[in-house]
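K.L.:
Take a look at this one; I'll ask things after.
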Amino acid sequence: MGLWEALAILAAGVGAGAINAVVGSGTLLTFPVLLALGYPPVTATISNSVGLAPGALSGALGYRRELAGQRPRLLRLGAMSALGAVTGGTLLLVLPATVFMAVVPALIVGACLLIVFQPRLQGWVRSRRPSSSNGGRLLPLGIYGAGTYGGYFAAAQGIVLLGLLGTALDEDLQRVNALKNALTFVVNATAAVFYIVLASPVWSVVALIALGSIAGGYLGARFGRRLRPEVLRLLVVVIGLTAAGQLIVDLLTGTG
């Protein structure tokens with residue numbers, strides 16, 4: 001690996017860590033860089049997932065104030081996230097490498113629609129259940145699905161989680177974002193252990209992404225905590241649609 005390649009991966013890691021802390025979809029920075037440098041898709045996905053785990057922890061710690069009082073919820077949903085991550089990791093190793101390039105755009109667009117209509121959906125859900133902190137019986141299943149998605153291909157799992165949590169929970173968006181960051185760490189860390197044991201990440205790539213994502217996660221958390229909910233929601237949608245568009249272009253041109 002040359003110097004410029006290493007700097008490109010490091011810079012992508014910083015950007016991915018920052019975006020993951022604020023919204024999610026940081027993989028849409030690192031993954032294309034790794035592909036452009038010649039790494040096979042599955043190898044790039046595995047190395048990226050392992051490398052982003054420390055940055056996810058950095059982002060979660062940056063939101064620790066907003067996590068106050070959410071420990072029971074985090075433990076309950078975190079278990080489902082871990083189980084989903086193992087499921088997703090298994091799918092990645094079993095299914096053909098090109099499959100996720102076809103299904104991920106639809107998942108991202110669906111998550112963006114959840115974010116756009118979140119205020120109305122949240123009002124609808126709130127009017128049909130008492131004010132509650134558990135999100136209902138279906139939320140754990142949704143979190144399991146998001147964990148499966150994150151373990152399979154990490155891009156925009158934060159957007160999916162924000163859509164689910166923001167709709168189901170009677171909480172401020174920043175507290176929802178803090179919970180999203182914590183669950184993202186659970187997924188990334190679980191997937192990282194899974195891939196270390198059963199696959200072969202490229203450790204030089206892992207180290208560069210990890211260093212960059214730690215710095216980016218810290219900076220992103222400090223910046224993201226100051227955003228107004230309306231701005232954060234707009235940022236989610238813009239990044240999500242951009243991510244979906246990029247994956248569609250890659251699929252149509254055959255570069256994925």
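Going through the structure tokens in order, the chains are called A, B, and so on, while each chain numbers its residues from 1 and the ligands are numbered from 1 in the order shown.
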As a PDB file with N, CA, C and O atoms, in the first residue's frame, please: the residues near range 54-65 of chain A (cut-off 9 Å, only C-alpha atoms, same-chain neighbours under 2 positions excluded).
P.N.:
```
ATOM      1  N   GLY A  13     -11.939   7.304   6.429  1.00  0.00           N
ATOM      2  CA  GLY A  13     -12.303   6.860   7.772  1.00  0.00           C
ATOM      3  C   GLY A  13     -12.739   8.009   8.658  1.00  0.00           C
ATOM      4  O   GLY A  13     -13.703   7.893   9.418  1.00  0.00           O
ATOM      5  N   VAL A  14     -12.040   9.139   8.571  1.00  0.00           N
ATOM      6  CA  VAL A  14     -12.420  10.326   9.351  1.00  0.00           C
ATOM      7  C   VAL A  14     -13.826  10.784   8.950  1.00  0.00           C
ATOM      8  O   VAL A  14     -14.691  11.031   9.795  1.00  0.00           O
ATOM      9  N   ALA A  16     -16.175   9.060   7.435  1.00  0.00           N
ATOM     10  CA  ALA A  16     -17.177   8.051   7.767  1.00  0.00           C
ATOM     11  C   ALA A  16     -17.516   8.087   9.252  1.00  0.00           C
ATOM     12  O   ALA A  16     -18.691   7.985   9.635  1.00  0.00           O
ATOM     13  N   GLY A  17     -16.502   8.232  10.105  1.00  0.00           N
ATOM     14  CA  GLY A  17     -16.755   8.294  11.544  1.00  0.00           C
ATOM     15  C   GLY A  17     -17.617   9.487  11.914  1.00  0.00           C
ATOM     16  O   GLY A  17     -18.524   9.380  12.745  1.00  0.00           O
ATOM     17  N   ALA A  18     -17.354  10.632  11.275  1.00  0.00           N
ATOM     18  CA  ALA A  18     -18.129  11.841  11.562  1.00  0.00           C
ATOM     19  C   ALA A  18     -19.572  11.690  11.109  1.00  0.00           C
ATOM     20  O   ALA A  18     -20.517  12.016  11.838  1.00  0.00           O
ATOM     21  N   ASN A  20     -21.237   8.910  10.539  1.00  0.00           N
ATOM     22  CA  ASN A  20     -21.925   7.879  11.307  1.00  0.00           C
ATOM     23  C   ASN A  20     -22.409   8.409  12.650  1.00  0.00           C
ATOM     24  O   ASN A  20     -23.477   8.039  13.136  1.00  0.00           O
ATOM     25  N   ALA A  21     -21.611   9.277  13.277  1.00  0.00           N
ATOM     26  CA  ALA A  21     -22.001   9.832  14.567  1.00  0.00           C
ATOM     27  C   ALA A  21     -23.202  10.750  14.432  1.00  0.00           C
ATOM     28  O   ALA A  21     -24.082  10.776  15.290  1.00  0.00           O
ATOM     29  N   VAL A  22     -23.261  11.516  13.342  1.00  0.00           N
ATOM     30  CA  VAL A  22     -24.343  12.482  13.160  1.00  0.00           C
ATOM     31  C   VAL A  22     -25.589  11.817  12.590  1.00  0.00           C
ATOM     32  O   VAL A  22     -26.709  12.059  13.046  1.00  0.00           O
ATOM     33  N   VAL A  50     -14.981  -3.979  10.305  1.00  0.00           N
ATOM     34  CA  VAL A  50     -14.079  -4.111  11.452  1.00  0.00           C
ATOM     35  C   VAL A  50     -13.454  -2.759  11.796  1.00  0.00           C
ATOM     36  O   VAL A  50     -13.362  -2.374  12.966  1.00  0.00           O
ATOM     37  N   GLY A  51     -13.056  -2.015  10.776  1.00  0.00           N
ATOM     38  CA  GLY A  51     -12.398  -0.732  11.017  1.00  0.00           C
ATOM     39  C   GLY A  51     -13.306   0.325  11.605  1.00  0.00           C
ATOM     40  O   GLY A  51     -12.857   1.182  12.381  1.00  0.00           O
ATOM     41  N   LEU A  52     -14.596   0.303  11.281  1.00  0.00           N
ATOM     42  CA  LEU A  52     -15.511   1.329  11.751  1.00  0.00           C
ATOM     43  C   LEU A  52     -16.015   1.095  13.170  1.00  0.00           C
ATOM     44  O   LEU A  52     -16.603   1.998  13.773  1.00  0.00           O
ATOM     45  N   LEU A  67     -27.695   9.682  26.411  1.00  0.00           N
ATOM     46  CA  LEU A  67     -28.031   8.294  26.716  1.00  0.00           C
ATOM     47  C   LEU A  67     -28.494   8.111  28.161  1.00  0.00           C
ATOM     48  O   LEU A  67     -28.958   7.013  28.522  1.00  0.00           O
ATOM     49  N   ALA A  68     -28.373   9.141  28.966  1.00  0.00           N
ATOM     50  CA  ALA A  68     -28.757   9.040  30.379  1.00  0.00           C
ATOM     51  C   ALA A  68     -30.206   8.572  30.509  1.00  0.00           C
ATOM     52  O   ALA A  68     -31.103   9.095  29.840  1.00  0.00           O
ATOM     53  N   GLN A 174     -32.490  14.083  19.405  1.00  0.00           N
ATOM     54  CA  GLN A 174     -31.098  13.937  19.823  1.00  0.00           C
ATOM     55  C   GLN A 174     -30.910  12.723  20.734  1.00  0.00           C
ATOM     56  O   GLN A 174     -29.910  12.015  20.646  1.00  0.00           O
ATOM     57  N   ARG A 175     -31.874  12.448  21.604  1.00  0.00           N
ATOM     58  CA  ARG A 175     -31.801  11.242  22.437  1.00  0.00           C
ATOM     59  C   ARG A 175     -31.969   9.984  21.585  1.00  0.00           C
ATOM     60  O   ARG A 175     -31.331   8.960  21.839  1.00  0.00           O
ATOM     61  N   ASN A 177     -30.975   9.853  18.496  1.00  0.00           N
ATOM     62  CA  ASN A 177     -29.699   9.747  17.788  1.00  0.00           C
ATOM     63  C   ASN A 177     -28.634   9.121  18.675  1.00  0.00           C
ATOM     64  O   ASN A 177     -27.792   8.347  18.211  1.00  0.00           O
ATOM     65  N   ALA A 178     -28.654   9.449  19.970  1.00  0.00           N
ATOM     66  CA  ALA A 178     -27.704   8.844  20.905  1.00  0.00           C
ATOM     67  C   ALA A 178     -27.917   7.340  20.987  1.00  0.00           C
ATOM     68  O   ALA A 178     -26.953   6.554  20.973  1.00  0.00           O
ATOM     69  N   LEU A 179     -29.177   6.923  21.071  1.00  0.00           N
ATOM     70  CA  LEU A 179     -29.483   5.493  21.110  1.00  0.00           C
ATOM     71  C   LEU A 179     -29.082   4.824  19.803  1.00  0.00           C
ATOM     72  O   LEU A 179     -28.550   3.705  19.800  1.00  0.00           O
ATOM     73  N   LYS A 180     -29.318   5.509  18.694  1.00  0.00           N
ATOM     74  CA  LYS A 180     -28.893   4.990  17.391  1.00  0.00           C
ATOM     75  C   LYS A 180     -27.389   4.730  17.362  1.00  0.00           C
ATOM     76  O   LYS A 180     -26.940   3.694  16.887  1.00  0.00           O
ATOM     77  N   ASN A 181     -26.609   5.671  17.878  1.00  0.00           N
ATOM     78  CA  ASN A 181     -25.153   5.508  17.888  1.00  0.00           C
ATOM     79  C   ASN A 181     -24.736   4.312  18.732  1.00  0.00           C
ATOM     80  O   ASN A 181     -23.825   3.550  18.359  1.00  0.00           O
ATOM     81  N   ALA A 182     -25.374   4.129  19.880  1.00  0.00           N
ATOM     82  CA  ALA A 182     -25.031   3.008  20.747  1.00  0.00           C
ATOM     83  C   ALA A 182     -25.371   1.677  20.079  1.00  0.00           C
ATOM     84  O   ALA A 182     -24.582   0.722  20.120  1.00  0.00           O
ATOM     85  N   LEU A 183     -26.534   1.599  19.443  1.00  0.00           N
ATOM     86  CA  LEU A 183     -26.924   0.360  18.773  1.00  0.00           C
ATOM     87  C   LEU A 183     -26.045   0.094  17.549  1.00  0.00           C
ATOM     88  O   LEU A 183     -25.736  -1.063  17.241  1.00  0.00           O
ATOM     89  N   THR A 184     -25.651   1.159  16.868  1.00  0.00           N
ATOM     90  CA  THR A 184     -24.729   0.993  15.737  1.00  0.00           C
ATOM     91  C   THR A 184     -23.411   0.402  16.201  1.00  0.00           C
ATOM     92  O   THR A 184     -22.831  -0.468  15.535  1.00  0.00           O
ATOM     93  N   PHE A 185     -22.922   0.856  17.349  1.00  0.00           N
ATOM     94  CA  PHE A 185     -21.687   0.283  17.898  1.00  0.00           C
ATOM     95  C   PHE A 185     -21.864  -1.193  18.197  1.00  0.00           C
ATOM     96  O   PHE A 185     -20.976  -2.009  17.918  1.00  0.00           O
ATOM     97  N   VAL A 186     -23.012  -1.559  18.789  1.00  0.00           N
ATOM     98  CA  VAL A 186     -23.264  -2.969  19.088  1.00  0.00           C
ATOM     99  C   VAL A 186     -23.203  -3.800  17.813  1.00  0.00           C
ATOM    100  O   VAL A 186     -22.567  -4.866  17.763  1.00  0.00           O
ATOM    101  N   ASN A 188     -21.746  -3.001  14.848  1.00  0.00           N
ATOM    102  CA  ASN A 188     -20.406  -2.996  14.253  1.00  0.00           C
ATOM    103  C   ASN A 188     -19.427  -3.853  15.049  1.00  0.00           C
ATOM    104  O   ASN A 188     -18.606  -4.566  14.473  1.00  0.00           O
ATOM    105  N   ALA A 189     -19.505  -3.765  16.371  1.00  0.00           N
ATOM    106  CA  ALA A 189     -18.589  -4.551  17.197  1.00  0.00           C
ATOM    107  C   ALA A 189     -18.874  -6.038  17.065  1.00  0.00           C
ATOM    108  O   ALA A 189     -17.942  -6.859  16.968  1.00  0.00           O
ATOM    109  N   ILE A 209      -8.772   2.801   8.808  1.00  0.00           N
ATOM    110  CA  ILE A 209     -10.173   3.199   8.981  1.00  0.00           C
ATOM    111  C   ILE A 209     -10.483   3.393  10.459  1.00  0.00           C
ATOM    112  O   ILE A 209     -11.205   4.322  10.847  1.00  0.00           O
ATOM    113  N   ALA A 210      -9.929   2.524  11.310  1.00  0.00           N
ATOM    114  CA  ALA A 210     -10.183   2.641  12.745  1.00  0.00           C
ATOM    115  C   ALA A 210      -9.651   3.964  13.293  1.00  0.00           C
ATOM    116  O   ALA A 210     -10.349   4.676  14.021  1.00  0.00           O
ATOM    117  N   LEU A 211      -8.419   4.308  12.936  1.00  0.00           N
ATOM    118  CA  LEU A 211      -7.835   5.575  13.413  1.00  0.00           C
ATOM    119  C   LEU A 211      -8.656   6.767  12.930  1.00  0.00           C
ATOM    120  O   LEU A 211      -8.954   7.692  13.690  1.00  0.00           O
ATOM    121  N   GLY A 212      -9.002   6.745  11.660  1.00  0.00           N
ATOM    122  CA  GLY A 212      -9.781   7.848  11.117  1.00  0.00           C
ATOM    123  C   GLY A 212     -11.169   7.931  11.713  1.00  0.00           C
ATOM    124  O   GLY A 212     -11.651   9.021  12.058  1.00  0.00           O
ATOM    125  N   SER A 213     -11.836   6.785  11.891  1.00  0.00           N
ATOM    126  CA  SER A 213     -13.215   6.800  12.382  1.00  0.00           C
ATOM    127  C   SER A 213     -13.298   7.199  13.846  1.00  0.00           C
ATOM    128  O   SER A 213     -14.298   7.788  14.272  1.00  0.00           O
ATOM    129  N   ILE A 214     -12.257   6.898  14.630  1.00  0.00           N
ATOM    130  CA  ILE A 214     -12.247   7.334  16.027  1.00  0.00           C
ATOM    131  C   ILE A 214     -12.238   8.857  16.099  1.00  0.00           C
ATOM    132  O   ILE A 214     -13.022   9.472  16.830  1.00  0.00           O
ATOM    133  N   ALA A 215     -11.347   9.471  15.330  1.00  0.00           N
ATOM    134  CA  ALA A 215     -11.284  10.940  15.307  1.00  0.00           C
ATOM    135  C   ALA A 215     -12.565  11.527  14.731  1.00  0.00           C
ATOM    136  O   ALA A 215     -13.144  12.479  15.280  1.00  0.00           O
ATOM    137  N   GLY A 216     -13.044  10.953  13.638  1.00  0.00           N
ATOM    138  CA  GLY A 216     -14.263  11.452  13.019  1.00  0.00           C
ATOM    139  C   GLY A 216     -15.484  11.269  13.888  1.00  0.00           C
ATOM    140  O   GLY A 216     -16.364  12.141  13.942  1.00  0.00           O
ATOM    141  N   GLY A 217     -15.574  10.139  14.599  1.00  0.00           N
ATOM    142  CA  GLY A 217     -16.702   9.893  15.483  1.00  0.00           C
ATOM    143  C   GLY A 217     -16.777  10.901  16.610  1.00  0.00           C
ATOM    144  O   GLY A 217     -17.859  11.392  16.962  1.00  0.00           O
ATOM    145  N   TYR A 218     -15.618  11.245  17.168  1.00  0.00           N
ATOM    146  CA  TYR A 218     -15.590  12.242  18.250  1.00  0.00           C
ATOM    147  C   TYR A 218     -16.021  13.617  17.733  1.00  0.00           C
ATOM    148  O   TYR A 218     -16.861  14.290  18.337  1.00  0.00           O
ATOM    149  N   LEU A 219     -15.466  14.015  16.591  1.00  0.00           N
ATOM    150  CA  LEU A 219     -15.805  15.323  16.033  1.00  0.00           C
ATOM    151  C   LEU A 219     -17.266  15.371  15.586  1.00  0.00           C
ATOM    152  O   LEU A 219     -17.958  16.373  15.799  1.00  0.00           O
ATOM    153  N   GLY A 220     -17.739  14.290  14.976  1.00  0.00           N
ATOM    154  CA  GLY A 220     -19.116  14.253  14.526  1.00  0.00           C
ATOM    155  C   GLY A 220     -20.104  14.324  15.674  1.00  0.00           C
ATOM    156  O   GLY A 220     -21.147  14.973  15.580  1.00  0.00           O
ATOM    157  N   ALA A 221     -19.780  13.658  16.788  1.00  0.00           N
ATOM    158  CA  ALA A 221     -20.664  13.696  17.947  1.00  0.00           C
ATOM    159  C   ALA A 221     -20.752  15.101  18.527  1.00  0.00           C
ATOM    160  O   ALA A 221     -21.826  15.576  18.899  1.00  0.00           O
ATOM    161  N   ARG A 222     -19.634  15.782  18.612  1.00  0.00           N
ATOM    162  CA  ARG A 222     -19.644  17.143  19.163  1.00  0.00           C
ATOM    163  C   ARG A 222     -20.448  18.086  18.274  1.00  0.00           C
ATOM    164  O   ARG A 222     -21.187  18.943  18.762  1.00  0.00           O
ATOM    165  N   ARG A 225     -24.536  17.004  18.141  1.00  0.00           N
ATOM    166  CA  ARG A 225     -25.333  17.296  19.325  1.00  0.00           C
ATOM    167  C   ARG A 225     -25.868  18.718  19.315  1.00  0.00           C
ATOM    168  O   ARG A 225     -26.792  19.045  20.057  1.00  0.00           O
TER     169      ARG A 225
END
```
K.L.:
Residues of range 86-114 of chain A that have any atom at most 9 Å from an atom of range 237-242 of chain A: could you tabulate them with the shortest-distance atom pair and the distance in Å to one decimal, using only C-alpha atoms, ordered by chain and increasing number, as JSON lines?
P.N.:
```
{"residue": "A:Pro105", "atom": "CA", "partner": "A:Leu241", "partner_atom": "CA", "distance": 8.7}
{"residue": "A:Ile108", "atom": "CA", "partner": "A:Gly240", "partner_atom": "CA", "distance": 6.1}
{"residue": "A:Val109", "atom": "CA", "partner": "A:Leu241", "partner_atom": "CA", "distance": 6.4}
{"residue": "A:Ala111", "atom": "CA", "partner": "A:Gly240", "partner_atom": "CA", "distance": 8.0}
{"residue": "A:Cys112", "atom": "CA", "partner": "A:Val237", "partner_atom": "CA", "distance": 5.3}
{"residue": "A:Leu113", "atom": "CA", "partner": "A:Val237", "partner_atom": "CA", "distance": 8.1}
```
K.L.:
Kindly assemble as a Markdown table a list of the range 121-199 of chain A residues that lie within 12 Å of range 90-93 of chain A, each paired with its nearest atom pair and their distance in Å to one decimal, using only C-alpha atoms, sorted first by chain and then by ascending residue number.
P.N.:
```
| residue | atom | partner | partner_atom | distance |
| --- | --- | --- | --- | --- |
| A:Thr148 | CA | A:Leu91 | CA | 8.6 |
| A:Tyr149 | CA | A:Leu91 | CA | 9.6 |
| A:Gly150 | CA | A:Leu92 | CA | 10.5 |
| A:Gly151 | CA | A:Leu92 | CA | 7.9 |
| A:Tyr152 | CA | A:Leu92 | CA | 5.2 |
| A:Phe153 | CA | A:Leu92 | CA | 7.8 |
| A:Ala154 | CA | A:Leu92 | CA | 11.0 |
| A:Thr190 | CA | A:Thr90 | CA | 11.8 |
| A:Ala191 | CA | A:Thr90 | CA | 9.4 |
| A:Phe194 | CA | A:Thr90 | CA | 8.6 |
| A:Tyr195 | CA | A:Leu93 | CA | 9.1 |
| A:Val197 | CA | A:Thr90 | CA | 12.0 |
| A:Leu198 | CA | A:Leu93 | CA | 8.9 |
| A:Ala199 | CA | A:Leu93 | CA | 8.2 |
```
K.L.:
Could you dump the residues just selected with N, CA, C and O atoms as a compact mmCIF listing (two decimals), in the first residue's frame?
P.N.:
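Result file is again.txt:
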```
# COMPACT_ATOMS: atom_id res chain seq x y z
N THR A 148 -29.47 -6.95 11.21
CA THR A 148 -29.16 -7.86 10.11
C THR A 148 -28.64 -7.08 8.91
O THR A 148 -27.64 -7.47 8.28
N TYR A 149 -29.31 -5.98 8.61
CA TYR A 149 -28.87 -5.11 7.52
C TYR A 149 -27.48 -4.56 7.79
O TYR A 149 -26.61 -4.56 6.92
N GLY A 150 -27.25 -4.08 9.02
CA GLY A 150 -25.95 -3.52 9.37
C GLY A 150 -24.83 -4.54 9.35
O GLY A 150 -23.70 -4.23 8.97
N GLY A 151 -25.13 -5.77 9.75
CA GLY A 151 -24.11 -6.81 9.71
C GLY A 151 -23.81 -7.26 8.30
O GLY A 151 -22.72 -7.74 8.01
N TYR A 152 -24.79 -7.09 7.41
CA TYR A 152 -24.62 -7.51 6.02
C TYR A 152 -23.92 -6.44 5.19
O TYR A 152 -22.97 -6.72 4.46
N PHE A 153 -24.36 -5.20 5.32
CA PHE A 153 -23.74 -4.08 4.61
C PHE A 153 -24.04 -2.82 5.40
O PHE A 153 -25.17 -2.37 5.45
N ALA A 154 -23.03 -2.26 6.04
CA ALA A 154 -23.24 -1.26 7.10
C ALA A 154 -23.76 0.08 6.61
O ALA A 154 -24.22 0.88 7.43
N THR A 190 -20.15 -6.41 17.06
CA THR A 190 -20.52 -7.82 16.90
C THR A 190 -20.07 -8.34 15.54
O THR A 190 -19.49 -9.43 15.43
N ALA A 191 -20.35 -7.56 14.49
CA ALA A 191 -19.94 -7.96 13.15
C ALA A 191 -18.42 -8.05 13.05
O ALA A 191 -17.88 -8.96 12.39
N PHE A 194 -17.28 -11.25 14.59
CA PHE A 194 -17.72 -12.33 13.69
C PHE A 194 -16.76 -12.46 12.51
O PHE A 194 -16.32 -13.57 12.16
N TYR A 195 -16.41 -11.33 11.90
CA TYR A 195 -15.55 -11.36 10.72
C TYR A 195 -14.10 -11.70 11.07
O TYR A 195 -13.41 -12.36 10.30
N VAL A 197 -13.15 -13.71 13.37
CA VAL A 197 -13.09 -15.15 13.63
C VAL A 197 -13.28 -15.97 12.35
O VAL A 197 -12.56 -16.95 12.11
N LEU A 198 -14.21 -15.55 11.49
CA LEU A 198 -14.62 -16.39 10.36
C LEU A 198 -14.15 -15.90 8.99
O LEU A 198 -14.33 -16.61 8.00
N ALA A 199 -13.60 -14.70 8.91
CA ALA A 199 -13.18 -14.15 7.62
C ALA A 199 -11.75 -13.63 7.73
O ALA A 199 -11.06 -13.87 8.72
```
K.L.:
Could you name the residues that touch Ser81 in chain A at 6 Å or less, counting only C-alpha atoms, but leaving out those on the same chain fewer than 6 positions away, as JSON, numbers by chain?
P.N.:
{"A": [143, 144, 147, 187]}
K.L.:
Neighbours of Thr27 in chain A within 8 Å (only C-alpha atoms; same-chain residues fewer than 3 positions away dropped), as number ranges by chain?
P.N.:
A: 16, 30-31, 48, 154-156
K.L.:
Please produce a file of the residues just selected, as a compact mmCIF listing (two decimals), in the first residue's frame, where the atoms kept are all heavy atoms.
P.N.:
```
# COMPACT_ATOMS: atom_id res chain seq x y z
N ALA A 16 -16.18 9.06 7.44
CA ALA A 16 -17.18 8.05 7.77
C ALA A 16 -17.52 8.09 9.25
O ALA A 16 -18.69 7.99 9.63
CB ALA A 16 -16.67 6.67 7.38
N THR A 30 -16.17 5.14 2.79
CA THR A 30 -15.05 4.20 2.83
C THR A 30 -15.16 3.09 1.80
O THR A 30 -14.16 2.71 1.18
CB THR A 30 -14.95 3.58 4.24
OG1 THR A 30 -16.23 3.08 4.63
CG2 THR A 30 -14.49 4.61 5.25
N PHE A 31 -16.37 2.56 1.61
CA PHE A 31 -16.53 1.42 0.71
C PHE A 31 -16.13 1.73 -0.72
O PHE A 31 -15.36 0.98 -1.34
CB PHE A 31 -17.98 0.92 0.79
CG PHE A 31 -18.25 -0.32 -0.02
CD1 PHE A 31 -17.76 -1.55 0.38
CD2 PHE A 31 -19.01 -0.25 -1.18
CE1 PHE A 31 -18.02 -2.69 -0.36
CE2 PHE A 31 -19.27 -1.39 -1.92
CZ PHE A 31 -18.77 -2.61 -1.51
N ASN A 48 -13.95 -2.92 6.18
CA ASN A 48 -14.62 -1.68 6.55
C ASN A 48 -15.41 -1.84 7.85
O ASN A 48 -15.36 -0.99 8.74
CB ASN A 48 -15.54 -1.25 5.42
CG ASN A 48 -16.31 0.00 5.75
OD1 ASN A 48 -15.75 1.09 5.84
ND2 ASN A 48 -17.61 -0.13 5.93
N ALA A 154 -23.03 -2.26 6.04
CA ALA A 154 -23.24 -1.26 7.10
C ALA A 154 -23.76 0.08 6.61
O ALA A 154 -24.22 0.88 7.43
CB ALA A 154 -21.92 -1.04 7.85
N ALA A 155 -23.71 0.35 5.32
CA ALA A 155 -24.07 1.69 4.84
C ALA A 155 -25.50 2.04 5.20
O ALA A 155 -26.43 1.31 4.91
CB ALA A 155 -23.89 1.77 3.32
N ALA A 156 -25.66 3.21 5.83
CA ALA A 156 -26.96 3.79 6.15
C ALA A 156 -27.75 3.02 7.19
O ALA A 156 -28.94 3.25 7.35
CB ALA A 156 -27.80 3.99 4.89
```
K.L.:
I'd like the interatomic distance between CA of Ala244 in chain A and CA of Ile196 in chain A, to a tenth of an Å.
P.N.:
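Atom-to-atom, CA of Ala244 in chain A and CA of Ile196 in chain A are spaced 28.3 Å apart.
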K.L.:
DSSP on the backbone: which residues in range 10-156 of chain A end up as helix (DSSP H, G or I)? Give the answer as an NGL selection string.
P.N.:
:A and (10-22 or 27-36 or 41-62 or 71-94 or 99-116 or 118-127 or 139-152)
K.L.:
I'd like the contact shell of range 250-254 of chain A - 10 Å cut-off, only C-alpha atoms, skipping same-chain residues fewer than 4 positions apart - returned as a VMD selection string.
P.N.:
chain A and resid 32 98 100 to 102 105 244 to 246
K.L.:
So what do you get for CA of Leu162 in chain A versus CA of Ile248 in chain A, distance-wise?
P.N.:
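CA of Leu162 in chain A sits 22.3 Å away from CA of Ile248 in chain A.
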K.L.:
Counting only C-alpha atoms, figure out which residue out of A:Ala6, A:Gly26, A:Val94, A:Leu169 gets nearest to Gln157 in chain A.
P.N.:
A:Gly26
